[in-house]
Structures are given as C-alpha cells and as structure tokens.
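Written below as structure tokens is the structure these notes are about.
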Amino acid sequence: MHTIPNLRKALGLTTANQVRNRIEAIKDLLAGDLRRGPNNQILVSDAGLDLLRRLQELYDSGLTLTEASEILRASTYSTRHNGAAV
C-alpha cells in the first residue's frame, strides 16, 4: 500500500495536497483501492496507483483534472462493461 508521501514521489508532484486533489477527483474509481492505516493515514493499493498515474498522464497532456477524471472514468467504465476487466 502506498502512502501520500510515496504517491507524491511516484506521481512527480510537489505537495501532498496535489495528491489529495487527484484522489478526490477519482474517489469513485478508487473506492476499492483506498484504505486507512495507522493514525488514519490514507493508503492506496497498486491498482489505485495505476489509476492515479493514468490520471496524471492525462493531466500532464494539458487537460484539467476534471477533464482528465471524466476521460479516465469513461475509459474505465467502458473497459469494465466490455468484459476486458472485472
């Protein structure tokens, strides 16, 4: 499981708040990949990190977080409903 500081480094971000903003943007997609650890620490699974990386790639391409999250949500929904993933 990945902590906020680990996610910040993995995503190439400068602040923990940026990580939290990205988690909030796709919280519905991360529902099964988020946990609370010691001291109520936010923990994200490897699958959740993959989603956050995809979101960051879209954001880095020039999209807003809202636009990037909508595209990610649509592609994830499409993949799950076409039988490619469960």
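Letters A, B, ... go to the chains of the structure tokens in the order shown; residues in each chain start at 1; ligands are counted from 1 in the same order.
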**Request:** Write out as a VMD selection string the residues lying within 12 Å of Ala25 (chain A), counting only C-alpha atoms and excluding same-chain residues fewer than 4 positions away.
**Result:** chain A and resid 18 to 21 29 to 31 51 to 52 55 to 56 59 64 to 73
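The set of residues in region 35-75 of chain A assigned to strand (DSSP E) by DSSP, using only backbone atoms of this structure, is Arg35, Arg36, Ile42, Leu43 and Val44 of chain A.
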**Message:** DSSP on the backbone: which residues in chain A end up as alpha helix (DSSP H)? Give the answer as an MDAnalysis selection string.
**Reply:** chainID A and resid 4:11 16:25 46:60 65:81
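Closest to Leu58 (chain A) among A:Arg22, A:Arg35, A:His2, A:Lys27 is A:Arg22, based on only C-alpha atoms.
Here CA of Asp33 (chain A) and CA of Ala47 (chain A) stand 6.7 Å from one another.
Using only C-alpha atoms, the residues found no farther than 9 Å from Leu49 (chain A), other than those of its own chain fewer than 5 positions away, are His2, Leu7, Ala10, Leu11, Asp33, Val44 and Arg54 of chain A.
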C-alpha atoms of the current selection, written as a PDB file, in the first residue's frame:
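Result saved to again12.pdb:
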```pdb
ATOM      1  CA  HIS A   2       1.213   3.486  -0.865  1.00  0.00           C
ATOM      2  CA  LEU A   7       2.357   8.745  -4.074  1.00  0.00           C
ATOM      3  CA  ALA A  10       5.626   8.277  -7.700  1.00  0.00           C
ATOM      4  CA  LEU A  11       3.464  10.859  -9.473  1.00  0.00           C
ATOM      5  CA  ASP A  33      -8.248   0.762  -3.594  1.00  0.00           C
ATOM      6  CA  VAL A  44      -3.682   3.386  -1.840  1.00  0.00           C
ATOM      7  CA  ARG A  54      -3.183   7.398 -15.760  1.00  0.00           C
TER       8      ARG A  54
END
```
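Of the residues listed (A:Leu63, A:Ala74, A:Ile4, A:Ile23), A:Ile23 shows the shortest atom-to-atom separation from Gly48 (chain A); distances use only C-alpha atoms.
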**Prompt:** Which neighbours of Gly37 (chain A) fall inside 12 Å, counting only C-alpha atoms, when residues of the same chain fewer than 3 positions from it are skipped, and could you give them as number ranges by chain?
**Reply:** A: 1-4, 34, 40-45
Suppose we keep all heavy atoms; can you now write the selection as a PDB file, in the first residue's frame?
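Output below, filename part_12.pdb:
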```pdb
ATOM      1  N   MET A   1       0.845  -1.182   0.000  1.00  0.00           N
ATOM      2  CA  MET A   1       0.000   0.000   0.000  1.00  0.00           C
ATOM      3  C   MET A   1       0.893   1.249   0.000  1.00  0.00           C
ATOM      4  O   MET A   1       1.949   1.260   0.611  1.00  0.00           O
ATOM      5  CB  MET A   1      -0.910   0.001   1.230  1.00  0.00           C
ATOM      6  CG  MET A   1      -1.888  -1.170   1.302  1.00  0.00           C
ATOM      7  SD  MET A   1      -3.104  -1.206  -0.025  1.00  0.00           S
ATOM      8  CE  MET A   1      -4.308  -0.080   0.591  1.00  0.00           C
ATOM      9  N   HIS A   2       0.440   2.263  -0.688  1.00  0.00           N
ATOM     10  CA  HIS A   2       1.213   3.486  -0.865  1.00  0.00           C
ATOM     11  C   HIS A   2       0.650   4.615  -0.006  1.00  0.00           C
ATOM     12  O   HIS A   2      -0.558   4.842   0.016  1.00  0.00           O
ATOM     13  CB  HIS A   2       1.195   3.904  -2.338  1.00  0.00           C
ATOM     14  CG  HIS A   2       1.695   2.834  -3.254  1.00  0.00           C
ATOM     15  ND1 HIS A   2       3.029   2.634  -3.496  1.00  0.00           N
ATOM     16  CD2 HIS A   2       1.031   1.881  -3.951  1.00  0.00           C
ATOM     17  CE1 HIS A   2       3.169   1.611  -4.326  1.00  0.00           C
ATOM     18  NE2 HIS A   2       1.965   1.137  -4.622  1.00  0.00           N
ATOM     19  N   THR A   3       1.527   5.327   0.662  1.00  0.00           N
ATOM     20  CA  THR A   3       1.140   6.476   1.479  1.00  0.00           C
ATOM     21  C   THR A   3       1.146   7.738   0.620  1.00  0.00           C
ATOM     22  O   THR A   3       1.669   7.734  -0.503  1.00  0.00           O
ATOM     23  CB  THR A   3       2.116   6.664   2.646  1.00  0.00           C
ATOM     24  OG1 THR A   3       3.408   6.936   2.094  1.00  0.00           O
ATOM     25  CG2 THR A   3       2.164   5.431   3.544  1.00  0.00           C
ATOM     26  N   ILE A   4       0.614   8.816   1.152  1.00  0.00           N
ATOM     27  CA  ILE A   4       0.597  10.091   0.429  1.00  0.00           C
ATOM     28  C   ILE A   4       2.019  10.526   0.034  1.00  0.00           C
ATOM     29  O   ILE A   4       2.242  10.877  -1.129  1.00  0.00           O
ATOM     30  CB  ILE A   4      -0.119  11.188   1.256  1.00  0.00           C
ATOM     31  CG1 ILE A   4      -1.606  10.840   1.444  1.00  0.00           C
ATOM     32  CG2 ILE A   4       0.044  12.563   0.605  1.00  0.00           C
ATOM     33  CD1 ILE A   4      -2.469  10.924   0.213  1.00  0.00           C
ATOM     34  N   LEU A  34      -8.682   2.280  -1.746  1.00  0.00           N
ATOM     35  CA  LEU A  34      -8.324   3.187  -0.655  1.00  0.00           C
ATOM     36  C   LEU A  34      -8.540   2.509   0.683  1.00  0.00           C
ATOM     37  O   LEU A  34      -9.535   1.818   0.886  1.00  0.00           O
ATOM     38  CB  LEU A  34      -9.208   4.447  -0.694  1.00  0.00           C
ATOM     39  CG  LEU A  34      -8.940   5.448  -1.800  1.00  0.00           C
ATOM     40  CD1 LEU A  34      -9.998   6.540  -1.771  1.00  0.00           C
ATOM     41  CD2 LEU A  34      -7.559   6.051  -1.669  1.00  0.00           C
ATOM     42  N   ASN A  40      -4.997   7.052  10.961  1.00  0.00           N
ATOM     43  CA  ASN A  40      -5.939   7.468   9.914  1.00  0.00           C
ATOM     44  C   ASN A  40      -5.233   7.857   8.608  1.00  0.00           C
ATOM     45  O   ASN A  40      -5.752   8.627   7.813  1.00  0.00           O
ATOM     46  CB  ASN A  40      -6.812   8.611  10.426  1.00  0.00           C
ATOM     47  CG  ASN A  40      -8.184   8.592   9.792  1.00  0.00           C
ATOM     48  OD1 ASN A  40      -8.667   7.549   9.345  1.00  0.00           O
ATOM     49  ND2 ASN A  40      -8.832   9.737   9.748  1.00  0.00           N
ATOM     50  N   GLN A  41      -4.052   7.320   8.400  1.00  0.00           N
ATOM     51  CA  GLN A  41      -3.261   7.595   7.206  1.00  0.00           C
ATOM     52  C   GLN A  41      -3.956   7.019   5.974  1.00  0.00           C
ATOM     53  O   GLN A  41      -4.458   5.900   5.992  1.00  0.00           O
ATOM     54  CB  GLN A  41      -1.891   6.946   7.396  1.00  0.00           C
ATOM     55  CG  GLN A  41      -0.881   7.217   6.341  1.00  0.00           C
ATOM     56  CD  GLN A  41       0.462   6.582   6.682  1.00  0.00           C
ATOM     57  OE1 GLN A  41       0.498   5.480   7.230  1.00  0.00           O
ATOM     58  NE2 GLN A  41       1.533   7.267   6.372  1.00  0.00           N
ATOM     59  N   ILE A  42      -3.973   7.785   4.875  1.00  0.00           N
ATOM     60  CA  ILE A  42      -4.562   7.319   3.621  1.00  0.00           C
ATOM     61  C   ILE A  42      -3.579   6.372   2.942  1.00  0.00           C
ATOM     62  O   ILE A  42      -2.408   6.694   2.767  1.00  0.00           O
ATOM     63  CB  ILE A  42      -4.885   8.498   2.685  1.00  0.00           C
ATOM     64  CG1 ILE A  42      -5.947   9.392   3.308  1.00  0.00           C
ATOM     65  CG2 ILE A  42      -5.334   7.991   1.314  1.00  0.00           C
ATOM     66  CD1 ILE A  42      -6.181  10.684   2.548  1.00  0.00           C
ATOM     67  N   LEU A  43      -4.067   5.197   2.558  1.00  0.00           N
ATOM     68  CA  LEU A  43      -3.259   4.205   1.857  1.00  0.00           C
ATOM     69  C   LEU A  43      -3.941   3.850   0.541  1.00  0.00           C
ATOM     70  O   LEU A  43      -5.156   3.681   0.494  1.00  0.00           O
ATOM     71  CB  LEU A  43      -3.100   2.949   2.715  1.00  0.00           C
ATOM     72  CG  LEU A  43      -2.448   3.138   4.087  1.00  0.00           C
ATOM     73  CD1 LEU A  43      -2.517   1.845   4.887  1.00  0.00           C
ATOM     74  CD2 LEU A  43      -1.017   3.605   3.939  1.00  0.00           C
ATOM     75  N   VAL A  44      -3.167   3.702  -0.506  1.00  0.00           N
ATOM     76  CA  VAL A  44      -3.682   3.386  -1.840  1.00  0.00           C
ATOM     77  C   VAL A  44      -2.976   2.136  -2.352  1.00  0.00           C
ATOM     78  O   VAL A  44      -1.756   2.012  -2.243  1.00  0.00           O
ATOM     79  CB  VAL A  44      -3.446   4.572  -2.811  1.00  0.00           C
ATOM     80  CG1 VAL A  44      -3.942   4.240  -4.207  1.00  0.00           C
ATOM     81  CG2 VAL A  44      -4.122   5.831  -2.304  1.00  0.00           C
ATOM     82  N   SER A  45      -3.745   1.215  -2.932  1.00  0.00           N
ATOM     83  CA  SER A  45      -3.187  -0.036  -3.457  1.00  0.00           C
ATOM     84  C   SER A  45      -2.403   0.213  -4.754  1.00  0.00           C
ATOM     85  O   SER A  45      -2.444   1.305  -5.325  1.00  0.00           O
ATOM     86  CB  SER A  45      -4.324  -1.019  -3.739  1.00  0.00           C
ATOM     87  OG  SER A  45      -5.057  -0.574  -4.868  1.00  0.00           O
TER      88      SER A  45
END
```
